[in-house]
>>> print(open('query-v7.csv').read())   # CSV, C-alpha atoms
chain,number,residue,atom,x,y,z
A,1,MET,CA,38.6,11.8,29.3
A,2,HIS,CA,35.1,10.3,28.8
A,3,TRP,CA,31.8,10.8,30.6
A,4,PRO,CA,28.4,9.2,30.5
A,5,ILE,CA,25.5,11.6,29.9
A,6,ASP,CA,23.1,12.2,32.8
A,7,GLU,CA,20.5,14.8,33.6
A,8,PRO,CA,19.4,15.8,37.1
A,9,GLU,CA,15.7,16.2,37.9
A,10,GLY,CA,14.5,19.6,36.7
A,11,GLY,CA,17.9,20.6,35.2
A,12,SER,CA,20.1,20.2,32.2
A,13,LEU,CA,22.2,17.2,31.3
A,14,ARG,CA,25.6,17.0,33.0
A,15,PHE,CA,28.8,15.2,32.4
A,16,ARG,CA,30.3,13.0,35.1
A,17,PRO,CA,33.4,10.9,35.3
A,18,HIS,CA,33.1,7.4,33.8
A,19,PRO,CA,35.2,4.5,35.2
A,20,PRO,CA,37.4,2.8,32.6
A,21,ALA,CA,36.4,-0.6,31.3
A,22,SER,CA,38.5,-3.4,32.7
A,23,ALA,CA,39.5,-6.8,31.4
A,24,GLY,CA,42.9,-8.1,32.4
A,25,GLU,CA,44.9,-4.9,32.7
A,26,PRO,CA,42.7,-2.0,33.9
A,27,GLY,CA,41.3,0.0,31.0
A,28,LEU,CA,42.0,-2.6,28.3
A,29,PRO,CA,39.6,-4.8,26.5
A,30,ASP,CA,40.3,-8.6,26.6
A,31,PRO,CA,42.4,-9.5,23.6
A,32,ALA,CA,40.6,-12.8,23.4
A,33,ARG,CA,37.4,-10.9,22.6
A,34,VAL,CA,38.7,-8.4,20.2
A,35,ASP,CA,37.9,-8.8,16.5
A,36,PRO,CA,41.0,-7.7,14.4
A,37,LEU,CA,38.8,-6.4,11.7
A,38,VAL,CA,36.9,-4.2,14.1
A,39,LEU,CA,40.1,-2.9,15.5
A,40,GLY,CA,41.4,-2.1,12.0
A,41,ALA,CA,38.1,-0.3,11.2
A,42,LEU,CA,38.3,1.8,14.3
A,43,LEU,CA,41.9,2.7,13.7
A,44,ASP,CA,41.0,3.8,10.1
A,45,ARG,CA,38.0,5.8,11.4
A,46,HIS,CA,40.1,7.7,13.9
A,47,GLY,CA,42.8,8.7,11.4
A,48,TRP,CA,45.4,6.0,11.8
A,49,ARG,CA,47.3,5.2,8.6
A,50,ARG,CA,47.9,1.8,7.3
A,51,ARG,CA,51.5,1.4,6.1
A,52,GLY,CA,51.7,-2.1,4.8
A,53,GLY,CA,52.6,-5.3,6.6
A,54,ALA,CA,52.7,-9.0,5.6
A,55,ALA,CA,49.9,-9.4,3.1
A,56,GLY,CA,47.2,-11.7,4.5
A,57,ARG,CA,48.8,-11.9,7.9
A,58,TYR,CA,49.0,-8.5,9.6
A,59,ALA,CA,48.9,-4.7,8.9
A,60,ARG,CA,51.1,-2.0,10.4
A,61,TRP,CA,49.2,1.1,11.6
A,62,THR,CA,50.7,4.5,12.6
A,63,PRO,CA,48.9,7.3,14.4
A,64,PRO,CA,47.7,10.5,12.8
A,65,GLY,CA,49.6,13.7,13.0
A,66,PRO,CA,53.4,14.7,12.9
A,67,GLY,CA,55.7,12.0,14.2
A,68,GLY,CA,53.2,9.3,13.8
A,69,HIS,CA,55.8,7.2,11.9
A,70,ARG,CA,57.7,6.7,15.1
A,71,THR,CA,54.9,4.6,16.7
A,72,SER,CA,53.2,1.7,15.1
A,73,LEU,CA,50.9,-1.2,15.8
A,74,LEU,CA,50.9,-4.6,14.3
A,75,VAL,CA,47.4,-5.8,13.9
A,76,PRO,CA,46.6,-9.3,12.6
A,77,GLU,CA,44.3,-9.6,9.6
A,78,SER,CA,42.3,-12.3,11.3
A,79,ARG,CA,42.2,-14.6,14.3
A,80,ALA,CA,43.6,-17.4,12.1
A,81,PHE,CA,47.1,-15.9,12.5
A,82,PRO,CA,49.0,-18.1,15.0
A,83,ASP,CA,50.1,-15.3,17.3
A,84,CYS,CA,46.9,-13.3,16.9
A,85,GLU,CA,46.1,-12.9,20.6
A,86,ASP,CA,49.6,-11.9,21.5
A,87,LEU,CA,49.8,-9.3,18.8
A,88,LEU,CA,46.4,-7.9,19.8
A,89,GLY,CA,47.5,-7.7,23.4
A,90,GLU,CA,50.6,-5.8,22.4
A,91,ALA,CA,48.6,-3.5,20.2
A,92,LEU,CA,46.1,-2.7,23.0
A,93,THR,CA,48.8,-2.1,25.5
A,94,ALA,CA,50.5,0.3,23.0
A,95,LEU,CA,47.2,2.1,22.5
A,96,ALA,CA,46.7,2.5,26.3
A,97,ARG,CA,50.2,4.0,26.6
A,98,SER,CA,50.0,6.1,23.6
A,99,GLY,CA,49.8,9.9,23.9
A,100,THR,CA,47.6,10.1,20.8
A,101,PRO,CA,44.1,11.3,21.7
A,102,SER,CA,42.4,9.0,19.2
A,103,ALA,CA,44.0,6.0,20.9
A,104,ARG,CA,41.6,6.3,23.9
A,105,GLU,CA,38.6,6.6,21.5
A,106,VAL,CA,39.7,3.4,19.7
A,107,LEU,CA,39.8,1.6,23.1
A,108,VAL,CA,36.4,2.8,24.1
A,109,GLY,CA,35.0,1.6,20.8
A,110,LEU,CA,36.4,-1.8,21.4
A,111,SER,CA,35.3,-2.0,25.1
A,112,LEU,CA,31.8,-0.7,24.4
A,113,PRO,CA,30.6,-1.5,20.8
A,114,SER,CA,29.1,1.8,20.0
A,115,ASP,CA,27.8,4.1,17.3
A,116,GLU,CA,29.6,7.4,17.4
A,117,ILE,CA,28.0,10.9,17.2
A,118,ARG,CA,30.6,13.6,16.7
A,119,TRP,CA,30.0,17.4,17.1
A,120,THR,CA,32.4,20.1,15.9
A,121,ARG,CA,32.0,23.9,15.8
A,122,ASP,CA,33.9,26.5,13.8
A,123,VAL,CA,34.8,29.1,16.5
A,124,PRO,CA,37.8,31.4,17.0
A,125,GLN,CA,40.8,30.0,18.9
A,126,GLY,CA,42.3,31.5,21.9
A,127,PRO,CA,45.9,32.8,22.1
A,128,SER,CA,47.2,29.3,23.0
A,129,GLY,CA,45.4,27.8,20.0
A,130,GLU,CA,42.7,26.2,22.1
A,131,ILE,CA,39.0,27.0,22.2
A,132,THR,CA,37.7,29.3,25.0
A,133,TRP,CA,36.0,27.8,28.0
A,134,THR,CA,32.7,29.6,27.1
A,135,ALA,CA,32.8,28.1,23.6
A,136,GLN,CA,33.5,24.6,25.0
A,137,GLU,CA,30.5,25.0,27.4
A,138,GLN,CA,28.3,26.0,24.5
A,139,LEU,CA,29.3,22.8,22.6
A,140,ARG,CA,28.7,20.6,25.6
A,141,SER,CA,25.3,22.1,26.3
A,142,ALA,CA,24.2,21.7,22.6
A,143,ALA,CA,25.4,18.1,22.6
A,144,ARG,CA,23.3,17.4,25.7
A,145,GLN,CA,20.3,19.0,24.2
A,146,LEU,CA,20.6,17.1,20.9
A,147,LEU,CA,21.0,13.7,22.7
A,148,LEU,CA,18.0,14.4,24.8
A,149,ALA,CA,16.0,15.5,21.7
A,150,GLY,CA,16.9,12.2,20.0
A,151,ALA,CA,15.9,10.2,23.1
A,152,LEU,CA,12.6,11.9,23.3
A,153,ALA,CA,11.9,11.2,19.6
A,154,VAL,CA,12.6,7.5,20.2
A,155,ARG,CA,9.7,7.5,22.7
A,156,GLY,CA,7.2,9.3,20.4
A,157,ARG,CA,7.0,11.7,17.5
A,158,ALA,CA,5.9,15.2,18.5
A,159,GLY,CA,6.6,18.7,17.4
A,160,TYR,CA,6.9,19.7,21.1
A,161,HIS,CA,7.6,17.2,23.8
A,162,GLY,CA,7.7,19.6,26.8
A,163,GLY,CA,7.8,17.6,30.0
A,164,ARG,CA,6.6,14.4,28.5
A,165,HIS,CA,8.8,11.3,28.4
A,166,ARG,CA,11.8,13.1,29.9
A,167,ARG,CA,12.2,10.7,32.8
A,168,GLN,CA,12.5,7.7,30.4
A,169,ALA,CA,14.6,9.7,27.9
A,170,ARG,CA,17.1,10.7,30.6
A,171,ALA,CA,17.3,7.0,31.8
A,172,SER,CA,18.1,5.9,28.3
A,173,LEU,CA,21.1,8.2,28.2
A,174,GLU,CA,22.8,6.7,31.3
A,175,SER,CA,25.0,4.4,29.2
A,176,VAL,CA,26.1,7.0,26.7
A,177,VAL,CA,29.8,7.9,27.1
A,178,VAL,CA,31.1,11.3,25.9
A,179,GLY,CA,34.7,12.3,25.2
A,180,ALA,CA,36.2,15.7,24.4
A,181,ALA,CA,38.6,16.3,21.6
A,182,PRO,CA,41.9,18.0,22.4
A,183,GLY,CA,41.6,21.7,23.0
A,184,GLY,CA,37.8,21.5,23.2
A,185,ARG,CA,37.4,21.5,19.4
A,186,GLY,CA,34.8,18.8,19.4
A,187,LEU,CA,32.9,16.1,21.3
A,188,THR,CA,32.2,12.4,20.6
A,189,ALA,CA,29.3,10.4,22.1
A,190,PHE,CA,29.7,6.6,22.2
A,191,VAL,CA,26.1,5.2,22.0
A,192,PRO,CA,26.1,1.5,22.9
A,193,VAL,CA,24.6,-0.6,20.1
A,194,ASP,CA,22.9,-2.8,22.8
A,195,GLY,CA,20.0,-0.6,23.8
A,196,GLY,CA,21.2,2.6,22.3
A,197,ARG,CA,21.1,2.1,18.6
A,198,PRO,CA,17.5,3.4,18.3
A,199,LEU,CA,18.8,6.8,19.5
A,200,ALA,CA,21.5,6.9,16.9
A,201,VAL,CA,19.2,5.9,14.1
A,202,ARG,CA,16.6,8.4,15.2
A,203,LEU,CA,19.1,11.2,15.3
A,204,TYR,CA,20.4,10.2,11.8
A,205,HIS,CA,17.0,10.6,10.3
A,206,ALA,CA,16.1,13.7,12.3
A,207,LEU,CA,19.2,15.6,11.4
A,208,HIS,CA,18.9,14.9,7.7
A,209,ALA,CA,15.2,15.8,7.8
A,210,ALA,CA,16.0,19.1,9.6
A,211,ARG,CA,18.7,19.9,7.1
A,212,GLU,CA,16.2,19.3,4.2
A,213,ALA,CA,13.5,21.3,5.9
A,214,VAL,CA,15.8,24.3,6.4
A,215,ASP,CA,16.9,24.1,2.8
A,216,TYR,CA,13.3,24.1,1.7
A,217,GLN,CA,12.4,27.0,3.9
A,218,ARG,CA,15.3,29.1,2.7
A,219,ALA,CA,14.6,28.3,-0.9
A,220,THR,CA,10.8,28.8,-0.9
A,221,GLY,CA,9.9,30.5,2.4
A,222,GLY,CA,7.5,27.7,3.2
A,223,MET,CA,7.5,25.8,6.5
A,224,ASP,CA,5.6,22.7,5.3
A,225,ALA,CA,8.7,20.6,5.3
A,226,PHE,CA,9.1,21.0,9.1
A,227,ASP,CA,5.6,19.6,9.6
A,228,THR,CA,6.5,16.3,7.8
A,229,ALA,CA,9.9,16.3,9.4
A,230,VAL,CA,8.2,15.6,12.8
A,231,GLN,CA,7.8,11.9,11.7
A,232,ALA,CA,11.6,11.7,11.3
A,233,GLY,CA,12.1,12.9,14.8
A,234,VAL,CA,12.4,16.7,14.4
A,235,SER,CA,10.9,18.7,17.2
A,236,ARG,CA,11.1,22.0,19.1
A,237,GLU,CA,13.7,20.3,21.3
A,238,LEU,CA,15.9,19.3,18.3
A,239,THR,CA,15.7,22.7,16.6
A,240,GLU,CA,16.7,24.4,19.9
A,241,ALA,CA,19.6,22.1,20.2
A,242,LEU,CA,20.8,23.0,16.7
A,243,VAL,CA,20.3,26.7,17.4
A,244,ALA,CA,22.5,26.3,20.5
A,245,LEU,CA,25.1,24.4,18.4
A,246,VAL,CA,25.3,27.0,15.7
A,247,ARG,CA,24.8,30.3,17.7
A,248,GLY,CA,28.1,32.1,18.1
A,249,ALA,CA,29.9,29.9,15.6
A,250,GLU,CA,30.8,30.2,11.9
A,251,GLY,CA,29.3,26.8,11.3
A,252,ALA,CA,28.8,23.4,12.9
A,253,ARG,CA,28.7,19.7,12.0
A,254,VAL,CA,27.2,16.6,13.4
A,255,ALA,CA,28.6,13.3,12.1
A,256,LEU,CA,27.6,9.7,12.8
A,257,ALA,CA,29.6,6.5,12.4
A,258,TRP,CA,28.2,3.0,13.0
A,259,ALA,CA,29.8,0.5,15.2
A,260,PRO,CA,32.0,-1.7,13.0
A,261,ALA,CA,31.0,-4.8,15.0
A,262,ALA,CA,27.3,-4.3,14.2
A,263,GLY,CA,27.4,-2.7,10.8
A,264,PRO,CA,25.0,0.0,9.5
A,265,PRO,CA,21.4,-0.2,10.5
A,266,GLU,CA,18.7,-0.8,7.8
A,267,GLY,CA,17.7,2.4,6.0
A,268,CYS,CA,20.8,4.3,6.8
A,269,ALA,CA,23.9,5.1,4.8
A,270,ALA,CA,26.9,2.9,5.6
A,271,ARG,CA,29.2,5.9,5.8
A,272,PRO,CA,26.9,8.9,6.6
A,273,GLU,CA,28.2,12.3,5.5
A,274,PRO,CA,28.3,15.0,8.3
A,275,VAL,CA,25.2,17.2,8.5
A,276,GLU,CA,26.2,20.8,8.5
A,277,PHE,CA,24.4,23.9,9.7
A,278,SER,CA,25.4,27.6,9.5
A,279,PRO,CA,24.3,30.9,11.0
A,280,GLY,CA,22.1,31.5,8.0
A,281,ASP,CA,20.0,28.6,9.1
A,282,LEU,CA,19.1,30.1,12.5
A,283,PRO,CA,16.0,32.1,11.4
A,284,ALA,CA,14.4,29.0,9.9
A,285,LEU,CA,15.3,26.8,12.9
A,286,ARG,CA,13.9,29.4,15.4
A,287,ALA,CA,10.7,29.9,13.3
A,288,ALA,CA,10.3,26.1,13.2
A,289,GLY,CA,10.6,25.9,17.0
A,290,ALA,CA,8.0,28.5,17.6
A,291,ARG,CA,5.7,26.8,15.0
A,292,TYR,CA,6.0,23.5,16.8
A,293,ILE,CA,5.0,25.0,20.2
A,294,SER,CA,2.0,26.9,18.7
A,295,GLU,CA,0.6,23.9,16.7
A,296,GLU,CA,1.2,21.0,19.1
A,297,PRO,CA,-2.3,20.2,20.5
A,298,SER,CA,-3.3,19.7,24.1
A,299,VAL,CA,-3.8,16.1,25.1
A,300,PRO,CA,-6.9,14.6,26.7
A,301,VAL,CA,-5.8,12.4,29.6
A,302,ARG,CA,-7.0,10.6,32.7
A,303,ILE,CA,-4.3,11.0,35.3
A,304,THR,CA,-3.8,9.1,38.6
A,305,GLY,CA,-1.5,11.0,40.9
A,306,ALA,CA,-0.5,11.6,44.5
A,307,VAL,CA,-1.2,15.1,45.9
A,308,VAL,CA,2.2,16.7,46.9
A,309,ARG,CA,1.2,20.3,47.3
A,310,MET,CA,-2.0,22.3,47.7
A,311,ARG,CA,-2.9,26.0,47.7
A,312,ARG,CA,-5.9,28.3,47.7
A,313,SER,CA,-6.4,31.9,48.6
A,314,GLY,CA,-9.0,31.4,51.4
A,315,THR,CA,-10.7,28.9,53.6
A,316,ARG,CA,-13.3,28.2,50.8
A,317,GLY,CA,-13.4,28.3,47.1
A,318,GLU,CA,-11.3,26.8,44.3
A,319,GLY,CA,-7.7,25.9,44.7
A,320,THR,CA,-4.7,24.4,43.0
A,321,VAL,CA,-3.0,21.1,43.6
A,322,ARG,CA,0.2,19.6,42.4
A,323,LEU,CA,0.2,15.9,41.6
A,324,ARG,CA,3.0,13.4,41.4
A,325,VAL,CA,1.9,11.4,38.4
A,326,LEU,CA,1.5,7.7,38.9
A,327,ALA,CA,-0.3,6.8,35.7
A,328,GLY,CA,-1.9,8.3,32.7
A,329,ALA,CA,0.7,10.8,31.4
A,330,GLU,CA,4.4,10.7,30.7
A,331,VAL,CA,5.3,13.7,32.9
A,332,PRO,CA,6.5,13.5,36.5
A,333,HIS,CA,4.2,16.2,37.9
A,334,VAL,CA,1.2,18.3,36.9
A,335,ARG,CA,-0.6,21.3,38.4
A,336,VAL,CA,-4.4,21.2,38.4
A,337,ALA,CA,-6.9,23.9,39.2
A,338,LEU,CA,-9.9,22.5,41.0
A,339,ASP,CA,-13.3,23.8,42.1
A,340,GLU,CA,-14.2,23.8,45.8
A,341,GLU,CA,-15.8,20.4,45.9
A,342,ALA,CA,-13.0,18.7,43.9
A,343,TYR,CA,-10.4,20.5,46.0
A,344,ARG,CA,-12.0,19.2,49.2
A,345,THR,CA,-12.0,15.7,47.7
A,346,ALA,CA,-8.2,16.0,46.9
A,347,VAL,CA,-7.6,17.2,50.5
A,348,HIS,CA,-9.5,14.3,52.1
A,349,ALA,CA,-7.9,11.7,49.7
A,350,HIS,CA,-4.4,12.9,50.7
A,351,LEU,CA,-5.1,12.9,54.4
A,352,VAL,CA,-6.1,9.2,54.3
A,353,GLY,CA,-3.1,8.3,52.1
A,354,LEU,CA,-4.9,7.9,48.7
A,355,PRO,CA,-4.1,9.3,45.3
A,356,ILE,CA,-6.8,10.8,43.1
A,357,ARG,CA,-7.9,10.3,39.5
A,358,VAL,CA,-8.8,13.3,37.4
A,359,VAL,CA,-9.8,13.8,33.8
A,360,GLY,CA,-8.7,16.8,31.8
A,361,ARG,CA,-6.5,18.2,29.1
A,362,LEU,CA,-2.7,18.3,29.3
A,363,GLU,CA,-1.8,21.8,28.0
A,364,ARG,CA,1.2,22.5,25.9
A,365,ARG,CA,1.7,25.8,27.7
A,366,GLY,CA,4.2,25.2,30.4
A,367,GLY,CA,5.5,22.1,28.7
A,368,PHE,CA,2.5,19.8,29.2
A,369,ARG,CA,2.8,20.2,33.0
A,370,ARG,CA,-0.6,21.8,33.5
A,371,LEU,CA,-4.0,20.0,33.5
A,372,THR,CA,-7.0,22.1,32.5
A,373,ASP,CA,-10.8,21.5,32.4
A,374,ALA,CA,-10.4,19.1,35.3
A,375,THR,CA,-13.4,16.9,36.1
A,376,ASP,CA,-14.4,13.6,37.7
A,377,VAL,CA,-12.0,13.9,40.7
A,378,VAL,CA,-12.2,10.7,42.8
A,379,PRO,CA,-9.9,8.9,45.3
A,380,VAL,CA,-8.2,5.7,44.1
A,381,GLN,CA,-7.6,2.6,46.2
A,382,VAL,CA,-4.0,1.5,46.3
A,383,ASP,CA,-2.2,-1.4,47.9
A,384,ASP,CA,-1.0,-1.1,51.5
A,385,ALA,CA,2.7,-0.5,50.6
A,386,GLU,CA,1.8,2.5,48.3
A,387,ARG,CA,-0.6,3.9,50.9
A,388,ASP,CA,2.0,3.7,53.7
A,389,ARG,CA,4.5,5.5,51.4
A,390,LEU,CA,1.9,8.3,50.7
A,391,MET,CA,1.2,8.6,54.4
A,392,LYS,CA,4.9,8.9,55.2
A,393,SER,CA,5.1,11.7,52.6
A,394,LEU,CA,2.3,13.5,54.3
A,395,HIS,CA,4.0,13.5,57.7
A,396,GLU,CA,7.4,14.6,56.2
A,397,ASN,CA,5.8,17.5,54.4
A,398,LEU,CA,3.0,18.8,56.7
A,399,ASP,CA,4.0,22.4,56.1
A,400,PHE,CA,2.9,22.0,52.4
A,401,PHE,CA,-0.6,21.3,53.6
A,402,GLU,CA,-1.2,24.1,56.0
A,403,GLU,CA,-2.6,26.1,53.0
A,404,ALA,CA,-5.0,23.2,52.3
A,405,CYS,CA,-6.8,23.6,55.6
A,406,GLY,CA,-7.0,27.4,55.8
A,407,GLY,CA,-6.0,30.7,54.2
A,408,ASP,CA,-2.5,32.1,53.5
>>> encode(input="query-v7.csv", output="structure tokens")
Amino acid sequence: MHWPIDEPEGGSLRFRPHPPASAGEPGLPDPARVDPLVLGALLDRHGWRRRGGAAGRYARWTPPGPGGHRTSLLVPESRAFPDCEDLLGEALTALARSGTPSAREVLVGLSLPSDEIRWTRDVPQGPSGEITWTAQEQLRSAARQLLLAGALAVRGRAGYHGGRHRRQARASLESVVVGAAPGGRGLTAFVPVDGGRPLAVRLYHALHAAREAVDYQRATGGMDAFDTAVQAGVSRELTEALVALVRGAEGARVALAWAPAAGPPEGCAARPEPVEFSPGDLPALRAAGARYISEEPSVPVRITGAVVRMRRSGTRGEGTVRLRVLAGAEVPHVRVALDEEAYRTAVHAHLVGLPIRVVGRLERRGGFRRLTDATDVVPVQVDDAERDRLMKSLHENLDFFEEACGGD
């Protein structure tokens, strides 16, 4: 079964059912649009064996595993073969009806030209020969984290992203489809080439840079390689994902394979070797994550935001507001401590349906969700539609603002 990746607001990524592609028979790609060479490349990638056929006309493929010789597909060498479309249709139907797990992955690769990211963990098997539910959940969680780390790195290089860019990063993962291997032994993410290749390329470079930085740290004790690895996409989020992947396992691997229809991207190996990590790498990865948090600087910003919550301890004095960010920072919300005059300005702006603009520093502590040294708080004029929406929010959430007009 395959799922796209999604992440709820304020939570972790989740898996949800994905409807099958449809062209002609439900779940099948259109034979008229299938490239025989791409089909052959996908079969080879997923362990099918080529067992001859008429040279220059078609090849016979059998599935991996015991008994694979009892099922076979005839795949034409090119569309020049007279019965090409008929043979492709028969091959696709056979794949759809096949009990071989890799058959579904081949069909997904044809329906959605995708780069593939595959995770595997070396963990003990249960009595039935399958991986325990807890271990499967750990694998899924680590995969979610790694995809999100890659999506964040596409939007900007940083040692620690915190809350920045998460909304855009989550949105970019909506088209990613994930499938589980039999028995929970691994996961495969299908990242569409159209719109998703930057994610796959960034993870390719980041994983190799992380591997090299860990090797350098273990050999020399130095952390300098992790500093330069930031430009390749390594971050606190990525090191945390790798820690989650390896923790509790004897080892783990992440492998990438490029969509046959698109070929390898520039600057990447045509057939990348899996990147492996072991429990011995955990101290270096954890130290790098802590280093990224401590050394990522705060960011000077000028934020425009709508006040969504206010609090202060008395009827006078300084207070704290929570802003829904409209412009100026790639985070959904920030908390801002204001002096008495600025707090009063924020209250008045909200009561008349206006956002405020504030200058300050976005602090790394708390994941870049807190603004410090706030100054120059002023209301901002907006168009009538936005003002009406802000006023509606006020009436729907009056209880949030009782604290703005008096004490607790």
>>> closest_residue(input="query-v7.csv", among="A:Val321, A:Leu28, A:Ala262, A:Leu282", to="Val358 in chain A", atoms="only C-alpha atoms")
A:Val321
>>> atom_distance(input="query-v7.csv", atom1="CA of Gly196 in chain A", atom2="CA of Ser172 in chain A")
7.5 Å
>>> axis_aligned_box(input="query-v7.csv", around="range 271-277 of chain A", padding_each_side="4 Å", output="lines of an AutoDock Vina configuration file")
center_x = 26.8
center_y = 14.9
center_z = 7.6
size_x = 12.8
size_y = 26.0
size_z = 12.2
>>> closest_residue(input="query-v7.csv", among="A:Ala284, A:Val359, A:Val275, A:Ala206", to="Val299 in chain A", atoms="all atoms listed in the file")
A:Val359
>>> residues_around(input="query-v7.csv", residues="Asp215 in chain A", least_positions_apart="4", cutoff="10 Å", atoms="all atoms listed in the file", output="number ranges by chain")
A: 209-211, 219-221, 225, 281, 284
>>> residues_around(input="query-v7.csv", residues="Ser298 in chain A", least_positions_apart="4", cutoff="7 Å", atoms="only C-alpha atoms", output="VMD selection string")
chain A and resid 361 to 364
>>> closest_residue(input="query-v7.csv", among="A:Tyr204, A:Phe81, A:Tyr292, A:Phe277", to="Arg247 in chain A", atoms="only C-alpha atoms")
A:Phe277
>>> closest_residue(input="query-v7.csv", among="A:Ala200, A:Leu323, A:Leu74, A:Ala306", to="Pro265 in chain A", atoms="all atoms listed in the file")
A:Ala200
>>> residues_around(input="query-v7.csv", residues="Glu105 in chain A", least_positions_apart="3", cutoff="8 Å", atoms="all atoms listed in the file", output="ChimeraX atom specification")
/A:46,101-102,108-109,179
>>> write_last_selection(input="query-v7.csv", atoms="C-alpha atoms", output="short mmCIF file (atom, residue, chain, number, x, y, z; two decimals), in the coordinates of the input")
data_model
loop_
_atom_site.label_atom_id
_atom_site.label_comp_id
_atom_site.auth_asym_id
_atom_site.auth_seq_id
_atom_site.Cartn_x
_atom_site.Cartn_y
_atom_site.Cartn_z
CA HIS A 46 40.10 7.70 13.90
CA PRO A 101 44.10 11.30 21.70
CA SER A 102 42.40 9.00 19.20
CA VAL A 108 36.40 2.80 24.10
CA GLY A 109 35.00 1.60 20.80
CA GLY A 179 34.70 12.30 25.20
#
>>> atom_distance(input="query-v7.csv", atom1="CA of Gln231 in chain A", atom2="CA of Pro297 in chain A")
15.8 Å
>>> closest_residue(input="query-v7.csv", among="A:Val75, A:Ala103, A:Leu338, A:Val246", to="Tyr58 in chain A", atoms="only C-alpha atoms")
A:Val75
>>> residues_around(input="query-v7.csv", residues="Ser98 in chain A", least_positions_apart="2", cutoff="12 Å", atoms="all atoms listed in the file", output="list in words")
Thr62, Pro63, Pro64, Gly68, Arg70, Thr71, Ser72, Leu73, Glu90, Ala91, Leu92, Thr93, Ala94, Leu95, Ala96, Thr100, Pro101, Ser102, Ala103, Arg104, Glu105, Val106 and Leu107 of chain A
>>> residues_around(input="query-v7.csv", residues="Pro198 in chain A", least_positions_apart="2", cutoff="10 Å", atoms="only C-alpha atoms", output="list of chain:residue names")
A:Gly150, A:Ala151, A:Ala153, A:Val154, A:Arg155, A:Val191, A:Pro192, A:Val193, A:Asp194, A:Gly195, A:Gly196, A:Ala200, A:Val201, A:Arg202, A:Leu203, A:Tyr204, A:Pro265
>>> closest_residue(input="query-v7.csv", among="A:Ser313, A:Val307, A:Arg57, A:Glu276", to="Pro82 in chain A", atoms="all atoms listed in the file")
A:Arg57
>>> atom_distance(input="query-v7.csv", atom1="CA of Val378 in chain A", atom2="CA of Arg167 in chain A")
26.4 Å
>>> decode(input="query-v7.csv", residues="range 210-225 of chain A", atoms="C-alpha atoms", output="short mmCIF file (atom, residue, chain, number, x, y, z; two decimals), in the first residue's frame")
data_model
loop_
_atom_site.label_atom_id
_atom_site.label_comp_id
_atom_site.auth_asym_id
_atom_site.auth_seq_id
_atom_site.Cartn_x
_atom_site.Cartn_y
_atom_site.Cartn_z
CA ALA A 210 26.65 13.92 6.66
CA ARG A 211 28.41 10.58 6.13
CA GLU A 212 31.71 12.35 5.35
CA ALA A 213 31.35 14.69 8.34
CA VAL A 214 30.71 11.76 10.69
CA ASP A 215 33.74 9.92 9.33
CA TYR A 216 35.89 13.03 9.82
CA GLN A 217 34.67 13.51 13.39
CA ARG A 218 35.26 9.87 14.31
CA ALA A 219 38.75 9.94 12.80
CA THR A 220 39.94 13.31 14.13
CA GLY A 221 37.51 14.40 16.84
CA GLY A 222 36.92 17.65 14.93
CA MET A 223 33.48 19.04 14.10
CA ASP A 224 34.57 21.39 11.31
CA ALA A 225 33.22 19.14 8.57
#
